[in-house]
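Okay, coords.cif now, which holds mmCIF, C-alpha atoms:
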```cif
data_work
#
loop_
_atom_site.label_atom_id
_atom_site.label_comp_id
_atom_site.auth_asym_id
_atom_site.auth_seq_id
_atom_site.Cartn_x
_atom_site.Cartn_y
_atom_site.Cartn_z
CA MET A 131 150.27 82.65 136.51
CA ASN A 132 146.81 81.89 137.77
CA PRO A 133 144.48 84.39 136.05
CA ASN A 134 141.96 84.20 138.88
CA LYS A 135 144.48 85.43 141.44
CA ARG A 136 145.09 88.61 139.54
CA GLU A 137 141.53 89.71 140.20
CA LYS A 138 142.09 89.79 143.97
CA LEU A 139 142.44 93.37 145.14
CA TYR A 140 145.00 94.48 147.72
CA LEU A 141 142.80 94.75 150.80
CA PRO A 142 144.74 97.24 152.99
CA LEU A 143 144.57 100.01 150.39
CA LEU A 144 141.02 99.12 149.41
CA VAL A 145 139.81 99.16 153.03
CA LEU A 146 141.48 102.52 153.71
CA THR A 147 139.83 103.94 150.60
CA GLY A 148 136.45 102.67 151.79
CA ILE A 149 136.94 104.21 155.23
CA LEU A 150 137.84 107.60 153.76
CA LEU A 151 134.87 107.48 151.42
CA PHE A 152 132.52 106.58 154.29
CA ILE A 153 133.82 109.52 156.33
CA GLY A 154 133.28 111.76 153.33
CA LEU A 155 129.68 110.62 152.88
CA VAL A 156 128.94 111.20 156.58
CA LEU A 157 130.38 114.73 156.37
CA ILE A 158 128.50 115.54 153.17
CA PHE A 159 125.27 114.31 154.76
CA SER A 160 125.91 116.66 157.66
CA ALA A 161 126.83 119.57 155.38
CA SER A 162 123.85 118.96 153.12
CA ARG A 163 121.43 119.32 156.04
CA VAL A 164 121.94 123.07 155.69
CA ILE A 165 119.96 122.83 152.45
CA SER A 166 117.35 120.29 153.47
CA GLN A 167 116.26 118.40 156.56
CA SER A 168 115.80 115.27 154.45
CA LEU A 169 118.24 113.34 152.30
CA SER A 170 119.49 116.09 150.03
CA ALA A 171 120.27 115.96 146.34
CA LEU A 172 123.94 116.59 147.16
CA PHE A 173 124.22 113.48 149.32
CA GLY A 174 122.31 111.35 146.83
CA ARG A 175 124.47 112.49 143.92
CA GLN A 176 127.65 111.80 145.87
CA ILE A 177 126.50 108.22 146.47
CA ILE A 178 125.95 107.85 142.72
CA TRP A 179 129.42 109.29 142.01
CA ALA A 180 130.89 106.86 144.54
CA ALA A 181 129.23 103.92 142.77
CA VAL A 182 130.56 105.11 139.40
CA GLY A 183 133.98 105.65 140.94
CA PHE A 184 134.12 102.15 142.41
CA ALA A 185 133.11 100.74 139.03
CA ALA A 186 136.05 102.65 137.51
CA LEU A 187 138.30 101.36 140.31
CA ALA A 188 137.28 97.74 139.69
CA TRP A 189 137.76 98.08 135.93
CA LEU A 190 141.14 99.80 136.12
CA ALA A 191 142.36 97.30 138.72
CA ARG A 192 141.95 94.60 136.05
CA ILE A 193 143.35 96.48 133.04
CA ASN A 194 147.09 96.10 132.57
CA PHE A 195 148.54 99.54 133.34
CA HIS A 196 151.05 99.07 130.52
CA LEU A 197 148.13 99.65 128.14
CA TRP A 198 148.16 103.28 129.24
CA THR A 199 151.92 103.78 129.16
CA ARG A 200 152.21 102.14 125.72
CA ASN A 201 149.72 104.68 124.39
CA ALA A 202 151.22 107.68 126.16
CA GLY A 203 151.40 109.76 122.99
CA PHE A 204 147.70 109.30 122.30
CA LEU A 205 146.83 110.01 125.95
CA TYR A 206 148.89 113.19 125.82
CA PHE A 207 146.92 114.34 122.78
CA ILE A 208 143.61 113.51 124.51
CA MET A 209 144.70 115.36 127.64
CA LEU A 210 145.54 118.55 125.77
CA LEU A 211 142.43 118.25 123.61
CA ILE A 212 139.95 118.07 126.50
CA LEU A 213 141.73 120.88 128.32
CA ALA A 214 141.55 123.04 125.20
CA LEU A 215 137.93 122.17 124.41
CA VAL A 216 136.71 123.22 127.84
CA LEU A 217 138.08 126.71 127.16
CA VAL A 218 135.89 126.93 124.05
CA PHE A 219 132.79 124.88 124.87
CA GLY A 220 133.01 124.70 128.64
CA HIS A 221 130.51 126.03 131.15
CA GLY A 222 131.61 128.98 133.25
CA ARG A 223 130.89 130.19 136.75
CA ALA A 224 131.82 133.74 137.71
CA GLU A 225 135.29 134.29 136.17
CA THR A 226 136.03 130.62 135.54
CA GLN A 227 135.39 128.16 132.73
CA ARG A 228 136.29 124.68 133.99
CA TRP A 229 133.35 122.36 133.32
CA PHE A 230 131.55 120.52 130.55
CA LYS A 231 127.81 120.68 131.21
CA LEU A 232 125.92 117.52 130.25
CA GLY A 233 122.32 118.07 131.26
CA ALA A 234 122.32 118.40 135.03
CA LEU A 235 125.88 117.06 135.28
CA TYR A 236 129.09 119.07 135.43
CA LEU A 237 132.33 117.32 134.44
CA GLN A 238 135.70 118.89 135.20
CA PRO A 239 138.28 117.62 132.67
CA SER A 240 141.27 118.90 134.64
CA GLU A 241 140.65 116.13 137.20
CA PRO A 242 141.19 113.09 134.90
CA ALA A 243 143.90 115.12 133.15
CA LYS A 244 146.03 114.68 136.28
CA ILE A 245 146.06 110.91 135.80
CA LEU A 246 146.75 111.21 132.07
CA PHE A 247 149.65 113.52 132.94
CA ILE A 248 151.05 110.88 135.32
CA PHE A 249 150.82 108.18 132.62
CA VAL A 250 152.63 110.34 130.07
CA LEU A 251 155.37 111.39 132.47
CA ALA A 252 155.85 107.82 133.75
CA ASN A 253 156.32 106.58 130.20
CA TYR A 254 158.83 109.37 129.48
CA ILE A 255 160.87 108.59 132.61
CA ALA A 256 160.83 104.84 131.92
CA ARG A 257 162.07 105.44 128.36
CA HIS A 258 164.86 107.79 129.50
CA LYS A 259 166.35 105.66 132.25
CA GLU A 260 169.85 105.96 130.80
CA THR A 261 169.75 109.77 130.53
CA ILE A 262 167.93 110.60 133.78
CA LEU A 263 171.11 112.19 135.16
CA TYR A 264 171.16 114.86 132.46
CA PHE A 265 169.53 118.25 133.03
CA SER A 266 168.26 118.21 129.45
CA THR A 267 166.08 115.17 130.23
CA VAL A 268 164.29 117.00 133.05
CA PHE A 269 164.13 120.29 131.15
CA ILE A 270 162.59 118.74 128.02
CA ALA A 271 159.96 117.01 130.17
CA ALA A 272 159.14 120.30 131.88
CA LEU A 273 158.95 122.16 128.57
CA PHE A 274 156.89 119.67 126.56
CA ILE A 275 155.01 117.53 129.12
CA LEU A 276 154.44 119.80 132.15
CA LEU A 277 154.00 123.29 130.72
CA PRO A 278 151.29 122.67 128.06
CA PRO A 279 148.65 121.21 130.44
CA LEU A 280 149.76 123.62 133.16
CA PHE A 281 149.16 126.56 130.85
CA LEU A 282 145.77 125.29 129.66
CA ILE A 283 144.55 124.68 133.22
CA LEU A 284 145.74 128.12 134.30
CA MET A 285 143.70 129.63 131.48
CA GLN A 286 140.43 128.20 132.91
CA PRO A 287 141.61 129.59 135.44
CA ASN A 288 142.24 126.78 137.94
CA LEU A 289 145.30 127.65 139.95
CA GLY A 290 144.82 124.80 142.43
CA THR A 291 144.75 121.93 139.94
CA ALA A 292 147.56 123.49 137.91
CA PHE A 293 149.70 123.64 141.04
CA ILE A 294 149.16 119.92 141.77
CA LEU A 295 150.98 118.98 138.55
CA ILE A 296 154.20 120.55 139.86
CA PRO A 297 154.75 118.35 142.96
CA ILE A 298 153.77 115.32 140.88
CA PHE A 299 156.45 116.22 138.32
CA PHE A 300 159.22 116.76 140.88
CA ALA A 301 158.31 113.73 143.01
CA MET A 302 158.42 111.40 140.02
CA PHE A 303 161.77 112.71 138.79
CA TYR A 304 163.24 112.68 142.30
CA ILE A 305 162.31 109.02 142.87
CA ALA A 306 163.51 108.21 139.33
CA GLY A 307 167.00 109.35 140.36
CA ALA A 308 167.30 112.78 138.77
CA PRO A 309 170.10 114.76 140.49
CA LYS A 310 168.90 117.20 143.12
CA LYS A 311 170.94 120.00 141.57
CA ASN A 312 169.00 119.64 138.31
CA LEU A 313 165.66 119.72 140.13
CA PHE A 314 166.74 122.74 142.16
CA ALA A 315 167.87 124.49 139.00
CA LEU A 316 164.51 123.86 137.37
CA SER A 317 162.74 125.02 140.53
CA GLY A 318 164.76 128.22 140.46
CA MET A 319 163.71 128.88 136.88
CA GLY A 320 160.08 128.36 137.89
CA LEU A 321 160.32 130.66 140.91
CA ALA A 322 161.93 133.34 138.77
CA SER A 323 158.84 133.32 136.54
CA LEU A 324 156.35 133.84 139.40
CA PRO A 325 156.32 137.65 139.14
CA VAL A 326 155.22 137.28 135.52
CA LEU A 327 152.42 134.90 136.57
CA TRP A 328 151.00 137.57 138.88
CA PHE A 329 149.93 139.67 135.90
CA PHE A 330 147.89 136.76 134.49
CA LEU A 331 145.94 136.07 137.68
CA LYS A 332 142.29 137.03 137.92
CA THR A 333 141.26 139.72 140.39
CA TYR A 334 139.70 137.22 142.81
CA GLN A 335 142.90 135.13 142.78
CA LYS A 336 145.02 138.16 143.65
CA GLN A 337 142.60 139.01 146.45
CA ARG A 338 142.93 135.50 147.88
CA ILE A 339 146.72 135.80 147.94
CA MET A 340 146.54 139.22 149.61
CA VAL A 341 144.11 137.86 152.21
CA PHE A 342 146.48 134.95 152.86
CA LEU A 343 149.28 137.42 153.55
CA ASN A 344 147.00 139.63 155.69
CA PRO A 345 143.76 137.85 156.76
CA GLY A 346 142.26 141.05 158.16
CA THR A 347 142.40 142.86 154.83
CA ASP A 348 138.86 141.98 153.72
CA PRO A 349 137.00 140.09 156.49
CA LEU A 350 133.58 140.46 154.85
CA GLY A 351 134.75 139.79 151.30
CA ALA A 352 137.69 137.72 150.05
CA GLY A 353 138.72 136.81 153.61
CA TYR A 354 135.27 135.74 154.81
CA ASN A 355 135.58 132.04 153.93
CA LEU A 356 138.91 131.67 155.69
CA LEU A 357 137.80 133.49 158.84
CA GLN A 358 134.65 131.36 159.12
CA SER A 359 136.72 128.23 158.54
CA LYS A 360 139.09 129.16 161.37
CA ILE A 361 136.14 129.80 163.68
CA ALA A 362 134.66 126.39 162.81
CA ILE A 363 137.94 124.56 163.39
CA GLY A 364 138.71 126.41 166.62
CA SER A 365 135.22 126.01 168.07
CA GLY A 366 135.35 122.24 167.69
CA GLY A 367 137.74 121.90 170.62
CA PHE A 368 139.18 118.48 171.40
CA PHE A 369 136.11 116.27 171.03
CA GLY A 370 133.97 118.43 168.72
CA LYS A 371 130.38 119.61 169.02
CA GLY A 372 128.91 116.35 167.81
CA PHE A 373 127.44 115.01 164.58
CA LEU A 374 124.98 117.47 162.97
CA ARG A 375 125.70 120.03 165.71
CA GLY A 376 128.22 122.26 163.96
CA THR A 377 126.88 125.81 164.25
CA GLN A 378 129.18 127.33 161.62
CA THR A 379 127.96 124.74 159.14
CA HIS A 380 124.29 124.44 160.02
CA LEU A 381 123.71 128.16 160.49
CA ALA A 382 125.26 128.65 157.03
CA PHE A 383 128.15 130.85 158.17
CA LEU A 384 130.71 128.63 156.44
CA PRO A 385 130.56 128.87 152.62
CA GLU A 386 131.58 125.94 150.40
CA HIS A 387 131.32 123.69 153.45
CA HIS A 388 130.60 120.59 151.36
CA THR A 389 133.51 121.08 148.93
CA ASP A 390 136.71 123.01 149.67
CA PHE A 391 136.01 123.43 153.39
CA ILE A 392 134.75 119.94 154.24
CA PHE A 393 137.65 119.55 156.69
CA SER A 394 136.29 122.50 158.66
CA VAL A 395 132.99 120.62 159.03
CA LEU A 396 134.86 117.61 160.39
CA ALA A 397 136.98 119.69 162.79
CA GLU A 398 133.92 121.50 164.18
CA GLU A 399 131.80 118.38 164.67
CA TRP A 400 134.50 115.82 165.54
CA GLY A 401 137.11 118.12 167.05
CA PHE A 402 140.87 117.75 167.25
CA LEU A 403 140.53 114.04 167.98
CA GLY A 404 138.52 113.35 164.84
CA SER A 405 140.87 115.50 162.77
CA ALA A 406 143.91 113.63 164.09
CA ILE A 407 142.30 110.27 163.30
CA LEU A 408 141.56 111.43 159.75
CA LEU A 409 145.16 112.58 159.26
CA PHE A 410 146.40 109.23 160.57
CA ILE A 411 144.19 107.38 158.08
CA TYR A 412 145.53 109.55 155.25
CA LEU A 413 149.10 108.88 156.43
CA VAL A 414 148.60 105.10 156.41
CA PHE A 415 146.88 105.38 153.02
CA LEU A 416 149.88 107.23 151.56
CA MET A 417 152.33 104.81 153.16
CA GLU A 418 150.53 101.90 151.50
CA ILE A 419 150.91 103.62 148.13
CA LEU A 420 154.62 104.22 148.74
CA LYS A 421 155.01 100.59 149.79
CA ILE A 422 153.52 99.47 146.49
CA ALA A 423 155.73 101.92 144.59
CA SER A 424 158.87 100.65 146.31
CA CYS A 425 158.05 96.96 145.86
CA THR A 426 157.24 96.88 142.16
CA ARG A 427 160.06 95.94 139.78
CA ASP A 428 158.49 97.76 136.85
CA ARG A 429 159.90 101.27 136.44
CA ALA A 430 156.77 102.68 134.81
CA GLY A 431 154.64 101.12 137.55
CA THR A 432 156.80 102.68 140.24
CA MET A 433 156.52 106.09 138.59
CA ILE A 434 152.73 105.86 138.26
CA ALA A 435 152.33 104.89 141.92
CA VAL A 436 154.65 107.70 143.00
CA GLY A 437 152.77 110.18 140.84
CA CYS A 438 149.40 109.14 142.27
CA GLY A 439 150.82 109.26 145.79
CA ALA A 440 152.18 112.76 145.19
CA MET A 441 148.79 113.82 143.82
CA PHE A 442 146.96 112.60 146.94
CA ALA A 443 149.58 113.98 149.34
CA THR A 444 149.53 117.42 147.72
CA GLN A 445 145.74 117.63 147.79
CA VAL A 446 145.53 116.60 151.45
CA PHE A 447 148.28 118.99 152.53
CA VAL A 448 147.08 122.01 150.55
CA ASN A 449 143.38 121.56 151.35
CA ILE A 450 143.87 121.23 155.11
CA ALA A 451 146.50 123.98 155.21
CA MET A 452 144.10 126.19 153.24
CA THR A 453 141.26 125.71 155.74
CA MET A 454 143.56 126.76 158.59
CA GLY A 455 145.06 129.78 156.83
CA PHE A 456 148.48 128.29 156.13
CA TRP A 457 147.90 128.30 152.36
CA PRO A 458 146.00 130.61 149.98
CA VAL A 459 142.46 129.51 149.14
CA VAL A 460 142.88 127.80 145.75
CA GLY A 461 139.95 125.40 145.54
CA ILE A 462 141.64 122.01 145.89
CA PRO A 463 139.25 119.22 147.02
CA LEU A 464 140.08 116.89 149.90
CA PRO A 465 140.41 113.38 148.37
CA PHE A 466 137.36 111.13 148.96
CA LEU A 467 135.78 113.67 151.33
CA SER A 468 134.91 116.78 149.30
CA TYR A 469 131.71 116.79 147.28
CA GLY A 470 132.22 116.49 143.53
CA GLY A 471 131.88 113.74 140.96
CA SER A 472 134.94 114.50 138.85
CA SER A 473 137.28 114.60 141.84
CA LEU A 474 135.83 111.49 143.50
CA ILE A 475 135.84 109.37 140.34
CA THR A 476 139.41 110.47 139.55
CA SER A 477 140.59 109.58 143.06
CA LEU A 478 138.95 106.14 142.96
CA ALA A 479 140.30 105.55 139.45
CA ALA A 480 143.81 106.34 140.71
CA VAL A 481 143.39 103.76 143.48
CA GLY A 482 142.29 101.20 140.88
CA ILE A 483 145.44 101.84 138.85
CA ILE A 484 147.63 101.47 141.94
CA LEU A 485 145.88 98.20 142.80
CA ASN A 486 146.61 96.93 139.29
CA ILE A 487 150.29 97.77 139.74
CA LYS A 488 150.30 95.86 143.03
CA ASN A 489 148.52 92.84 141.54
CA ARG A 490 150.84 92.61 138.54
CA GLU A 491 153.89 92.81 140.78
CA THR A 492 152.52 90.16 143.16
CA PHE A 493 151.75 87.63 140.45
CA ILE A 494 154.63 88.13 138.00
#
```

Can you present the structure in this file as C-alpha cells?
Amino acid sequence: MNPNKREKLYLPLLVLTGILLFIGLVLIFSASRVISQSLSALFGRQIIWAAVGFAALAWLARINFHLWTRNAGFLYFIMLLILALVLVFGHGRAETQRWFKLGALYLQPSEPAKILFIFVLANYIARHKETILYFSTVFIAALFILLPPLFLILMQPNLGTAFILIPIFFAMFYIAGAPKKNLFALSGMGLASLPVLWFFLKTYQKQRIMVFLNPGTDPLGAGYNLLQSKIAIGSGGFFGKGFLRGTQTHLAFLPEHHTDFIFSVLAEEWGFLGSAILLFIYLVFLMEILKIASCTRDRAGTMIAVGCGAMFATQVFVNIAMTMGFWPVVGIPLPFLSYGGSSLITSLAAVGIILNIKNRETFI
C-alpha cells in the first residue's frame, strides 16, 4: 500500500461538507447582524470553530479508526466520566447544566459523547457478530451501553441530545442484522417507560410538549419561539425576501435564530427554493455516508459510518421538523449550520472519521 495515497480525502463528501459549512457561515452572518452592523463576535467565533473543526477532521481522517474501537472500554469510561463531571462542575443556564466554562469558551461534552457512544457500540456489535440474532445481545447493549449515557444526559437536562442516541442505537443494530422483532420488542419496552419519564422532565420541557400538542396554549410564553419560526418560514414564500432582508430575524422577533432556529432564517431569506436546495444537499451528503458504509468490508467501520449517518439524519430531521411545528422544541442543532463550537467540531470530526473509513477501504 502506498502510504501517500491514504492521505487523499474522499472529495465528494468533503466538498458537500464545505458547502454546508459555507451556507451555515452565511446564515450566521445574517443572523448576527441583529446584534451588530459590523462583523459580530458570533460570526468570528464560528469561523474559529470551523478552523478547529477542520483541523480535527484532517487529523481523524489520518488516524486508523481501529485505534478507537480497540480502546472502546477506555472510551466508554471517558464518555461517562465527562458526562458525570459536567453535572458537578458544569456551568448552568436557567434550569440546565450542560457546559464546561473555560474562560470565555463554553464546551458541551454531550456533543463529543455521541461519537464516543458510536465507537463503543460499533466495537460491541463487531465483537458479537455470531450472537446478533439473540435478543439478549441487543438488550445487554441497551442496558449497559445506551442507558448510562442516556441517563446522564437527561440529568443535565438535555432531552434533544439524549434522544439522538436512540436512533443511532437502533440504526446500527438494524444494519448489523438484528431481527426486527427484537428491535420492536426493545422499542415497546422503551415506549412503556415514557409515562415514568414525564415525571422527571423539567417544567419548561413539559411546557414545550404541551405547546407542541396545542400551539395556541401559550403564544407569548413557551409557544412564542415556534409561532415566530412559522411566521418566518411562511413569509419567505418561494424565493425568499433576500439576503439580510428577513424581518423576523432582523427585527429580533425570532429568538435563538442563530442556533436552534437557523433553518427559519434560511427559509425566510431564501424561501422554499433555498430550503429545498439545502435539503437536497443534506440528502446527497447522507447518501455518500451510506455509500461508504455499504462499501467497506470492515464490520466496525460499517457500524461507525452507519452510526454517524444516523446521527446526522436525526439532527437534520428533528431540527427542521421542530422549526415547522412537527416536533417539540428540544434544542437540537442543525449540522454545520447552527452556531456552536461543540456541535460544529463534533460534526466535522465525524466526517473525518468517515473519510478515514473510506480511505482504509479504498487502499486495503

| task | Find the residues around Leu284 in chain A up to 10 Å (all atoms listed in the file counted), leave out those fewer than 5 positions away in its own chain, and share them as a ChimeraX atom specification. | result | /A:278-279,289-293,327,330-331

| request: Compile the contact shell of range 386-400 of chain A as a ChimeraX atom specification: residues with an atom at most 8 Å away, counting only C-alpha atoms, same-chain residues fewer than 5 positions apart removed. | output: /A:157-158,161-162,359-360,362-376,378-379,405,449-450,453,461-464,467-470

Hey, what comes out of the PyMOL selection byres ((chain A and resi 247) around 8) on this file? Could you write it as an mmCIF file with C-alpha atoms, in the frame of the given file?
```
data_model
loop_
_atom_site.group_PDB
_atom_site.id
_atom_site.type_symbol
_atom_site.label_atom_id
_atom_site.label_comp_id
_atom_site.auth_asym_id
_atom_site.auth_seq_id
_atom_site.Cartn_x
_atom_site.Cartn_y
_atom_site.Cartn_z
ATOM 1 C CA TYR A 206 148.890 113.190 125.820
ATOM 2 C CA MET A 209 144.700 115.360 127.640
ATOM 3 C CA ALA A 243 143.900 115.120 133.150
ATOM 4 C CA LYS A 244 146.030 114.680 136.280
ATOM 5 C CA ILE A 245 146.060 110.910 135.800
ATOM 6 C CA LEU A 246 146.750 111.210 132.070
ATOM 7 C CA ILE A 248 151.050 110.880 135.320
ATOM 8 C CA PHE A 249 150.820 108.180 132.620
ATOM 9 C CA VAL A 250 152.630 110.340 130.070
ATOM 10 C CA LEU A 251 155.370 111.390 132.470
ATOM 11 C CA ILE A 275 155.010 117.530 129.120
ATOM 12 C CA LEU A 276 154.440 119.800 132.150
ATOM 13 C CA LEU A 295 150.980 118.980 138.550
#
```

| Pick from A:Met340, A:Gln286, A:Phe281, A:Asn312: nearest to Ile262 in chain A, with all atoms listed in the file counted? |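 Counting all atoms listed in the file, the residue closest to Ile262 in chain A is A:Asn312.
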
| query | Written as a ChimeraX atom specification, which residues does the PyMOL selection byres ((chain A and resi 180-192) around 12) give for the file shown? | reply | /A:133-140,143-144,147-148,150-152,154-155,173-179,193-198,242,466-490

| request: Rank nothing, just name the residue among A:Leu313, A:Ile411, A:Cys438, A:Met417 nearest to Ile149 in chain A, using only C-alpha atoms. | output: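 Closest candidate: A:Ile411.
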
| message | If I take CA of Ala430 in chain A and CA of Phe415 in chain A, how far is one from the other in Å, to one decimal? | response |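 Calculated distance between CA of Ala430 in chain A and CA of Phe415 in chain A is 20.9 Å.
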
| note | A straight line from CA of Phe447 in chain A to CA of Leu217 in chain A spans 28.4 Å

| field | Which residue of A:Val268, A:Ala443, A:Met302, A:Met285 approaches Leu316 in chain A most closely, using all atoms listed in the file | value | A:Val268

| task | Calculate how many Å separate CA of Ala256 in chain A from CA of Ile208 in chain A, rounding to one decimal. | result |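 These two atoms are separated by 20.7 Å.
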
| message | Could you list, as a PyMOL selection string, every residue within 12 Å of Tyr304 in chain A, counting all atoms listed in the file and ignoring same-chain residues fewer than 3 positions away? | response | chain A and resi 255+262-263+268+297-301+307-314+433+436-437+440

| request: Counting all atoms listed in the file, figure out which residue out of A:Asp428, A:Arg257, A:Phe402, A:Leu356 gets nearest to Ala451 in chain A. | output: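 Among the listed residues, the smallest separation from Ala451 in chain A belongs to A:Leu356.
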
| query | If I put a ball of radius 8 Å at (142.2, 143.3, 145.6) in the file's coordinates, which residues poke into it when counting all atoms listed in the file, written as a list in words? | reply |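 Applying the cut-off with all atoms listed in the file, one gets Thr333, Tyr334, Lys336, Gln337 and Met340 of chain A.
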